[in-house]
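Enquirer: For reference, this is protein-v2.cif, and it has mmCIF, C-alpha atoms.
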data_coords
loop_
_atom_site.label_atom_id
_atom_site.label_comp_id
_atom_site.auth_asym_id
_atom_site.auth_seq_id
_atom_site.Cartn_x
_atom_site.Cartn_y
_atom_site.Cartn_z
CA MET J 102 122.92 219.28 38.49
CA LYS J 103 119.84 217.95 40.28
CA LYS J 104 117.73 218.71 37.20
CA THR J 105 120.13 216.81 34.96
CA LEU J 106 120.17 213.87 37.38
CA SER J 107 116.39 213.88 37.53
CA LEU J 108 116.17 213.85 33.75
CA THR J 109 118.67 211.02 33.58
CA VAL J 110 116.75 208.96 36.14
CA ALA J 111 113.49 209.71 34.35
CA ALA J 112 114.98 208.66 31.03
CA GLY J 113 116.25 205.48 32.60
CA LEU J 114 112.86 204.69 34.04
CA MET J 115 111.23 205.35 30.68
CA ALA J 116 113.75 203.05 28.98
CA THR J 117 113.13 200.34 31.58
CA THR J 118 109.39 200.70 31.11
CA ALA J 119 109.76 200.52 27.34
CA LEU J 120 111.93 197.43 27.70
CA ALA J 121 109.32 195.80 29.93
CA GLU J 122 106.64 196.62 27.40
CA ASP J 123 108.76 195.09 24.65
CA ARG J 124 108.97 191.89 26.73
CA SER J 125 105.25 191.23 26.39
CA LEU J 126 103.45 188.82 24.13
CA THR J 127 99.97 187.40 23.63
CA ILE J 128 99.18 183.70 23.47
CA ALA J 129 95.84 182.31 22.32
CA SER J 130 94.61 178.82 23.20
CA TRP J 131 91.27 177.00 23.39
CA GLY J 132 90.20 177.55 26.96
CA GLY J 133 88.76 175.03 29.42
CA SER J 134 90.82 172.52 31.33
CA TYR J 135 93.32 172.35 28.46
CA GLN J 136 94.36 175.99 28.59
CA GLU J 137 94.30 175.89 32.39
CA ALA J 138 96.80 173.01 32.25
CA GLN J 139 98.99 174.85 29.75
CA SER J 140 98.90 177.94 31.90
CA LYS J 141 99.96 176.13 35.08
CA ALA J 142 102.60 173.89 33.52
CA LEU J 143 104.01 176.07 30.76
CA PHE J 144 102.92 179.68 30.42
CA GLU J 145 103.04 180.94 34.00
CA PRO J 146 106.33 179.34 35.12
CA ALA J 147 108.07 180.18 31.83
CA ALA J 148 106.89 183.77 32.11
CA ALA J 149 108.25 183.96 35.66
CA ASN J 150 111.61 182.48 34.65
CA THR J 151 112.11 184.66 31.57
CA GLY J 152 110.57 187.91 32.74
CA ILE J 153 108.26 187.89 29.72
CA ASN J 154 104.82 189.32 30.38
CA VAL J 155 102.40 186.77 28.92
CA MET J 156 98.84 187.76 28.18
CA GLN J 157 96.47 184.88 27.46
CA GLU J 158 93.40 184.83 25.28
CA THR J 159 90.93 182.17 24.26
CA TYR J 160 90.27 181.98 20.55
CA GLY J 161 88.35 180.02 17.92
CA GLY J 162 91.28 178.53 16.03
CA ILE J 163 93.01 179.18 12.72
CA ALA J 164 89.97 181.03 11.34
CA ASP J 165 90.81 183.82 13.78
CA VAL J 166 94.42 183.85 12.57
CA ARG J 167 93.25 183.99 8.96
CA LEU J 168 91.09 187.02 9.70
CA GLN J 169 93.90 188.86 11.49
CA VAL J 170 96.48 188.12 8.79
CA ASN J 171 94.15 188.96 5.91
CA THR J 172 93.14 192.28 7.47
CA GLY J 173 96.69 193.17 8.50
CA GLN J 174 95.63 193.51 12.14
CA VAL J 175 97.63 190.78 13.85
CA THR J 176 97.54 191.00 17.64
CA LEU J 177 98.44 187.40 18.52
CA ASP J 178 102.08 186.35 18.89
CA ILE J 179 101.64 182.63 19.58
CA VAL J 180 98.63 180.43 18.89
CA VAL J 181 97.84 176.86 19.82
CA SER J 182 96.80 174.74 16.87
CA GLY J 183 96.05 171.17 15.99
CA SER J 184 98.79 169.75 13.82
CA GLY J 185 96.54 169.31 10.79
CA SER J 186 95.11 172.80 11.00
CA ALA J 187 98.62 174.21 11.32
CA ALA J 188 99.72 172.32 8.20
CA ARG J 189 96.87 173.84 6.24
CA ALA J 190 97.48 177.32 7.69
CA ALA J 191 101.14 177.10 6.71
CA ALA J 192 100.15 176.14 3.18
CA GLU J 193 97.96 179.27 3.07
CA GLY J 194 100.85 181.47 4.15
CA LEU J 195 99.26 182.36 7.49
CA LEU J 196 102.21 181.37 9.71
CA GLU J 197 105.78 182.52 10.23
CA PRO J 198 108.58 179.96 9.78
CA LEU J 199 109.93 179.04 13.21
CA ASP J 200 113.53 179.78 14.08
CA TYR J 201 115.04 176.46 15.11
CA ASP J 202 118.34 178.17 15.77
CA VAL J 203 116.50 179.59 18.78
CA ILE J 204 113.98 176.81 19.52
CA ASP J 205 115.85 173.66 20.56
CA VAL J 206 114.06 170.52 19.36
CA SER J 207 117.10 168.24 19.42
CA ASP J 208 115.48 165.97 22.03
CA PHE J 209 111.97 165.99 20.57
CA ILE J 210 110.19 162.77 19.65
CA PRO J 211 110.57 162.49 15.84
CA GLY J 212 107.75 163.93 13.77
CA LEU J 213 106.39 166.29 16.42
CA TYR J 214 107.44 169.58 14.84
CA THR J 215 107.35 171.18 11.41
CA GLU J 216 108.78 174.28 9.79
CA HIS J 217 105.83 176.33 11.01
CA CYS J 218 104.64 174.61 14.20
CA VAL J 219 106.44 173.11 17.20
CA GLY J 220 104.74 170.38 19.19
CA GLY J 221 103.49 171.20 22.67
CA ASP J 222 101.76 167.97 23.68
CA VAL J 223 100.68 164.60 22.34
CA PHE J 224 97.02 163.66 22.59
CA SER J 225 94.58 161.13 21.22
CA THR J 226 91.13 161.36 19.70
CA VAL J 227 89.32 158.52 21.44
CA TYR J 228 85.83 157.19 22.02
CA ALA J 229 84.54 157.58 25.55
CA TRP J 230 81.52 156.06 27.23
CA ASN J 231 79.34 156.58 30.28
CA THR J 232 80.08 153.85 32.82
CA ASP J 233 76.66 154.36 34.43
CA THR J 234 75.17 153.27 31.09
CA TYR J 235 77.56 150.52 29.98
CA GLY J 236 79.77 149.73 32.98
CA GLU J 237 83.49 149.40 32.49
CA ASP J 238 83.09 147.05 29.50
CA GLY J 239 82.19 149.72 27.00
CA PRO J 240 83.06 149.92 23.31
CA GLN J 241 86.53 148.72 22.33
CA SER J 242 86.53 149.71 18.66
CA TRP J 243 84.97 152.24 16.33
CA ALA J 244 82.70 149.47 15.08
CA ASP J 245 81.39 149.20 18.65
CA PHE J 246 80.86 152.97 18.76
CA TRP J 247 78.65 152.61 15.68
CA ASP J 248 76.84 149.50 16.99
CA VAL J 249 73.61 150.95 18.36
CA GLU J 250 72.11 147.51 18.99
CA LYS J 251 74.96 146.29 21.20
CA PHE J 252 75.43 149.76 22.73
CA PRO J 253 72.12 151.64 22.52
CA GLY J 254 72.19 155.27 23.55
CA THR J 255 72.98 158.77 22.43
CA ARG J 256 76.25 159.84 20.85
CA SER J 257 78.19 163.07 20.44
CA TYR J 258 80.48 163.54 17.45
CA ARG J 259 82.83 166.24 16.24
CA GLY J 260 81.29 169.08 14.25
CA ALA J 261 84.51 169.73 12.29
CA VAL J 262 86.28 167.43 9.87
CA ALA J 263 89.56 166.99 11.75
CA GLY J 264 89.51 163.55 13.33
CA ALA J 265 85.97 162.85 12.14
CA LEU J 266 86.46 160.83 8.96
CA GLU J 267 89.09 158.32 10.09
CA PRO J 268 86.90 156.69 12.79
CA ALA J 269 84.04 156.31 10.31
CA LEU J 270 86.21 154.35 7.90
CA MET J 271 87.58 152.11 10.65
CA ALA J 272 83.99 151.50 11.76
CA ASP J 273 83.28 150.54 8.15
CA GLY J 274 85.99 147.90 8.23
CA VAL J 275 88.95 149.74 6.69
CA PRO J 276 92.23 148.64 8.33
CA MET J 277 94.10 151.42 10.13
CA GLU J 278 97.03 151.33 7.72
CA GLU J 279 94.71 151.87 4.74
CA VAL J 280 92.56 154.70 6.10
CA TYR J 281 94.42 157.59 4.48
CA ASP J 282 94.75 155.77 1.18
CA VAL J 283 90.97 155.43 1.07
CA LEU J 284 90.47 159.05 2.13
CA SER J 285 92.70 160.30 -0.69
CA SER J 286 89.77 160.62 -3.08
CA GLU J 287 86.38 162.28 -2.97
CA GLU J 288 84.82 158.83 -3.23
CA GLY J 289 86.67 157.72 -0.11
CA ILE J 290 85.62 160.86 1.77
CA GLU J 291 82.04 160.25 0.71
CA ARG J 292 82.28 156.69 2.04
CA ALA J 293 83.25 158.05 5.45
CA LEU J 294 80.42 160.60 5.31
CA ASP J 295 77.92 157.87 4.45
CA LYS J 296 79.02 155.97 7.55
CA ILE J 297 78.47 159.08 9.69
CA ARG J 298 75.06 159.52 8.07
CA GLU J 299 74.26 155.99 9.20
CA LEU J 300 75.00 156.95 12.83
CA ARG J 301 73.51 160.42 12.62
CA PRO J 302 70.04 159.55 14.02
CA HIS J 303 71.82 158.60 17.24
CA ILE J 304 74.08 161.68 17.38
CA SER J 305 72.38 164.20 19.64
CA VAL J 306 75.20 166.77 19.62
CA PHE J 307 77.94 167.65 17.15
CA TRP J 308 80.49 169.14 19.51
CA SER J 309 82.63 172.14 18.66
CA SER J 310 85.17 172.30 21.50
CA GLY J 311 86.99 170.11 23.98
CA ALA J 312 85.29 171.87 26.86
CA GLN J 313 81.91 171.02 25.34
CA HIS J 314 82.48 167.31 24.80
CA ALA J 315 83.99 166.94 28.26
CA GLN J 316 80.97 168.62 29.83
CA LEU J 317 78.56 166.47 27.84
CA MET J 318 80.17 163.34 29.26
CA ARG J 319 80.72 164.69 32.75
CA ASP J 320 77.07 165.71 33.03
CA GLY J 321 75.79 162.46 31.50
CA GLU J 322 74.03 164.27 28.65
CA VAL J 323 75.22 161.66 26.13
CA ASP J 324 76.18 158.02 26.51
CA MET J 325 79.20 158.11 24.21
CA SER J 326 81.35 160.74 22.59
CA THR J 327 84.41 161.16 20.48
CA GLY J 328 86.95 163.57 21.87
CA TRP J 329 90.35 164.11 23.44
CA ASN J 330 91.66 161.74 26.06
CA GLY J 331 92.88 164.41 28.48
CA ARG J 332 89.53 166.18 28.53
CA PHE J 333 87.78 162.91 29.37
CA ASP J 334 90.31 162.08 32.09
CA ASN J 335 89.65 165.47 33.67
CA ALA J 336 85.90 164.92 33.39
CA ARG J 337 86.32 161.63 35.27
CA ALA J 338 88.50 163.36 37.88
CA ASP J 339 85.65 165.87 38.32
CA GLY J 340 83.29 163.03 39.19
CA GLY J 341 82.02 162.06 35.76
CA ALA J 342 81.26 158.40 35.01
CA VAL J 343 83.62 158.37 32.04
CA MET J 344 86.02 155.86 30.53
CA HIS J 345 87.81 155.73 27.18
CA SER J 346 90.01 153.40 25.14
CA PHE J 347 93.18 154.00 23.12
CA ASN J 348 92.39 151.12 20.75
CA GLN J 349 92.08 152.55 17.19
CA ALA J 350 92.42 156.08 18.59
CA LEU J 351 93.99 158.83 16.50
CA LEU J 352 97.45 159.80 17.73
CA ASP J 353 97.99 163.49 17.21
CA TYR J 354 99.73 166.49 18.67
CA ASP J 355 98.96 170.10 19.39
CA CYS J 356 101.56 172.65 18.47
CA PHE J 357 102.48 176.28 18.85
CA ALA J 358 102.60 178.57 15.83
CA VAL J 359 103.39 182.24 15.21
CA PRO J 360 100.91 184.11 12.98
CA LYS J 361 102.32 185.88 9.94
CA GLY J 362 103.12 189.45 10.97
CA ALA J 363 103.04 188.76 14.72
CA PRO J 364 104.06 191.97 16.51
CA ASN J 365 106.60 190.22 18.77
CA LYS J 366 107.95 187.48 16.54
CA GLU J 367 111.47 187.29 17.97
CA LEU J 368 110.21 187.22 21.54
CA ALA J 369 107.75 184.49 20.55
CA MET J 370 110.67 182.32 19.36
CA GLU J 371 112.43 182.85 22.70
CA PHE J 372 109.31 181.88 24.63
CA LEU J 373 108.66 178.81 22.48
CA ASN J 374 112.18 177.63 23.21
CA GLU J 375 111.56 178.03 26.92
CA ILE J 376 108.30 176.07 27.06
CA SER J 377 109.79 173.31 24.89
CA LYS J 378 112.23 172.39 27.66
CA PRO J 379 111.63 169.10 29.54
CA GLU J 380 111.39 170.79 32.94
CA TYR J 381 108.14 172.43 31.79
CA GLN J 382 106.74 169.64 29.66
CA ASP J 383 107.05 167.06 32.44
CA ASP J 384 104.58 169.11 34.51
CA LEU J 385 101.77 169.07 31.93
CA PRO J 386 100.47 165.57 32.87
CA LYS J 387 99.89 166.85 36.42
CA TYR J 388 96.99 168.86 35.06
CA ILE J 389 95.87 167.01 31.93
CA THR J 390 96.88 163.57 30.65
CA TYR J 391 98.59 164.60 27.43
CA GLY J 392 102.09 163.38 26.69
CA PRO J 393 105.18 165.57 26.27
CA THR J 394 106.82 166.13 22.89
CA ASN J 395 110.31 166.46 24.40
CA ALA J 396 111.48 162.90 25.08
CA LEU J 397 113.68 164.06 27.98
CA ALA J 398 110.52 164.96 29.91
CA TYR J 399 110.12 161.23 30.59
CA GLU J 400 113.58 161.15 32.19
CA THR J 401 113.33 163.93 34.77
CA GLY J 402 111.60 161.72 37.33
CA THR J 403 108.48 163.89 37.46
CA ILE J 404 106.41 161.60 35.23
CA THR J 405 106.01 158.34 37.14
CA PRO J 406 105.68 154.97 35.37
CA GLU J 407 102.04 154.87 36.43
CA VAL J 408 101.35 158.23 34.80
CA ALA J 409 103.38 157.34 31.71
CA ALA J 410 101.17 154.27 31.26
CA ILE J 411 98.08 156.44 30.66
CA LEU J 412 99.73 158.96 28.34
CA PRO J 413 99.06 158.75 24.59
CA SER J 414 102.72 158.87 23.64
CA SER J 415 103.78 155.91 25.79
CA PRO J 416 104.98 153.09 23.51
CA GLU J 417 102.25 150.67 24.60
CA ASN J 418 99.43 153.13 23.93
CA ALA J 419 100.95 154.58 20.77
CA ALA J 420 101.14 151.10 19.21
CA LEU J 421 97.33 150.82 19.34
CA GLN J 422 96.69 154.02 17.43
CA LEU J 423 96.57 155.57 13.97
CA PRO J 424 98.98 158.52 13.68
CA ILE J 425 97.44 161.56 12.03
CA ASP J 426 98.71 162.05 8.47
CA LEU J 427 99.63 165.73 8.11
CA ASP J 428 100.33 165.35 4.39
CA TRP J 429 96.75 164.20 3.89
CA TYR J 430 95.42 167.20 5.83
CA GLY J 431 97.59 169.58 3.85
CA GLU J 432 96.21 168.22 0.57
CA TRP J 433 92.63 167.25 1.38
CA GLU J 434 91.38 169.16 4.44
CA THR J 435 89.75 172.02 2.53
CA ILE J 436 87.81 169.70 0.23
CA ALA J 437 86.91 167.32 3.04
CA ALA J 438 85.77 170.18 5.30
CA GLU J 439 83.40 171.50 2.61
CA MET J 440 81.94 168.04 2.08
CA TYR J 441 81.60 167.53 5.82
CA GLN J 442 79.77 170.80 6.36
CA ASP J 443 77.48 170.01 3.44
CA MET J 444 76.66 166.72 5.16
CA LEU J 445 75.91 168.50 8.45
CA THR J 446 73.47 170.88 6.77
CA GLU J 447 71.55 168.23 4.82
#
Translate the structure described by the file into structure tokens.

Expert:
Amino acid sequence: MKKTLSLTVAAGLMATTALAEDRSLTIASWGGSYQEAQSKALFEPAAANTGINVMQETYGGIADVRLQVNTGQVTLDIVVSGSGSAARAAAEGLLEPLDYDVIDVSDFIPGLYTEHCVGGDVFSTVYAWNTDTYGEDGPQSWADFWDVEKFPGTRSYRGAVAGALEPALMADGVPMEEVYDVLSSEEGIERALDKIRELRPHISVFWSSGAQHAQLMRDGEVDMSTGWNGRFDNARADGGAVMHSFNQALLDYDCFAVPKGAPNKELAMEFLNEISKPEYQDDLPKYITYGPTNALAYETGTITPEVAAILPSSPENAALQLPIDLDWYGEWETIAAEMYQDMLTE
């Protein structure tokens, strides 16, 4: 009888252990202050509340997903992606369709989720400047960012095509509402590249990550940089002489996607539903100044009016910006990226 009981207890423990193992998933994000903010606001509390064991990795973006899917060795369950990159990855067949019967987006701000990617935060690609160099009256347009006579000094610019071409066209005088029309041809892309070539003698670094462009500004290694508003706000909070403007910024969002063949797909859907709730999203601005995608996060009382005023998705700030056109990225990103890399290697 004791032997039978022991076997039963042992079997129960093994089943419990197996169940715990089944409740594990791996999330990959981009590191730095951004992933730290996600971890504190979303991943860690959601893991505690659901009992899901969340393992975090830092990765290099959709290229890593492509490699895993193409080799049939998918280890990631959820990845963070820019909205444009996710659109292109979905078109390539690299992502699982999301289960919106599980993930509740009924209170999301319109346009901040797609069939393959659910928005996690709203951010802006802005121009930032060193206040030790220019004071508080720095550049207030992309034309100012390009004006090396009015604002002499070194620049940093993105080393990938996403968010790199639109500022160049606005600096060249194209109205915001016409930018994507102009970019919808190789001639229009070349026009943007020519404008970047014009600035290139003053670009000392083509940055490759948010952590890099934030450090460049925080350490005063460049006088101006393009980049993401939340990274610059954190750099200023760390003592950097950094300011930025939302005028003519690019309004965009990061999203969560599930790679094709993810080992824990169903659990990933459950976890994505959890972190999409307003009680998690309203905590994100405590750690980085990116806006929530769930509109109810503005109604919980956690986000104060003062904080809302500096978030990209607040109505006042959003009105100043050019929303990213995902249809354009789905159609043109591959061509534009090749042309951009050719320009960088000239």

Enquirer: Can you list, as a ChimeraX atom specification, the residues that the PyMOL selection byres ((chain J and resi 385) around 9) selects here?

Expert: /J:138-139,141-143,222,381-384,386-393

Enquirer: I need the residue nearest J:Asp248 from this list: J:Met325, J:Ala190, J:Ile436, J:Leu126. Use all atoms listed in the file for the distance.

Expert: J:Met325

Enquirer: Find the residues around stretch 231-236 of chain J up to 9 Å (all atoms listed in the file counted), leave out those fewer than 4 positions away in its own chain, and share them as an MDAnalysis selection string.

Expert: chainID J and resid 240 252 254 318:319 321 323:326 341:344

Enquirer: So, counting all atoms listed in the file, which residue among J:Ala437, J:Ile304, J:Val359, J:Ala269 is closest to J:Ile163?

Expert: J:Val359

Enquirer: Tell me, as a list in words, which residues lie within 12 Å of J:Tyr281, counting all atoms listed in the file; anything in the same chain fewer than 6 positions away does not count.

Expert: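 So, after excluding close chain neighbours, the residues are Gly264, Leu266, Glu267, Pro268, Ala269, Leu270, Met271, Val275, Glu287, Gly289, Ile290, Ala293, Leu423, Pro424, Ile425, Asp426, Leu427, Asp428, Trp429, Tyr430, Glu432, Trp433 and Glu434 of chain J.
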
Enquirer: So how far away is atom CA of J:Val180 from atom CA of J:Phe357, in Å?

Expert: 5.7 Å

Enquirer: List as a PyMOL selection string the protein and nucleic acid residues near J:Gln313, meaning an atom at most 10 Å away when all atoms listed in the file are counted, but skip any in the same chain fewer than 6 places from it.

Expert: chain J and resi 133+306-307+319+328+332

Enquirer: Let me know the residues the PyMOL selection byres ((chain J and resi 127) around 8) catches in the file above, as a ChimeraX atom specification.

Expert: /J:125-126,128-129,155-158,176-179

Enquirer: Grab the atom CA of J:Val166 to atom CA of J:Leu195 distance for me, in Å with one decimal place.

Expert: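 About the pair atom CA of J:Val166 and atom CA of J:Leu195: they are 7.2 Å apart.
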
Enquirer: Leaving out J:Ser346 and any residue of its chain fewer than 3 positions from it, which residues lie within 7 Å of it when counting only C-alpha atoms, given as a PyMOL selection string?

Expert: chain J and resi 227-229+241
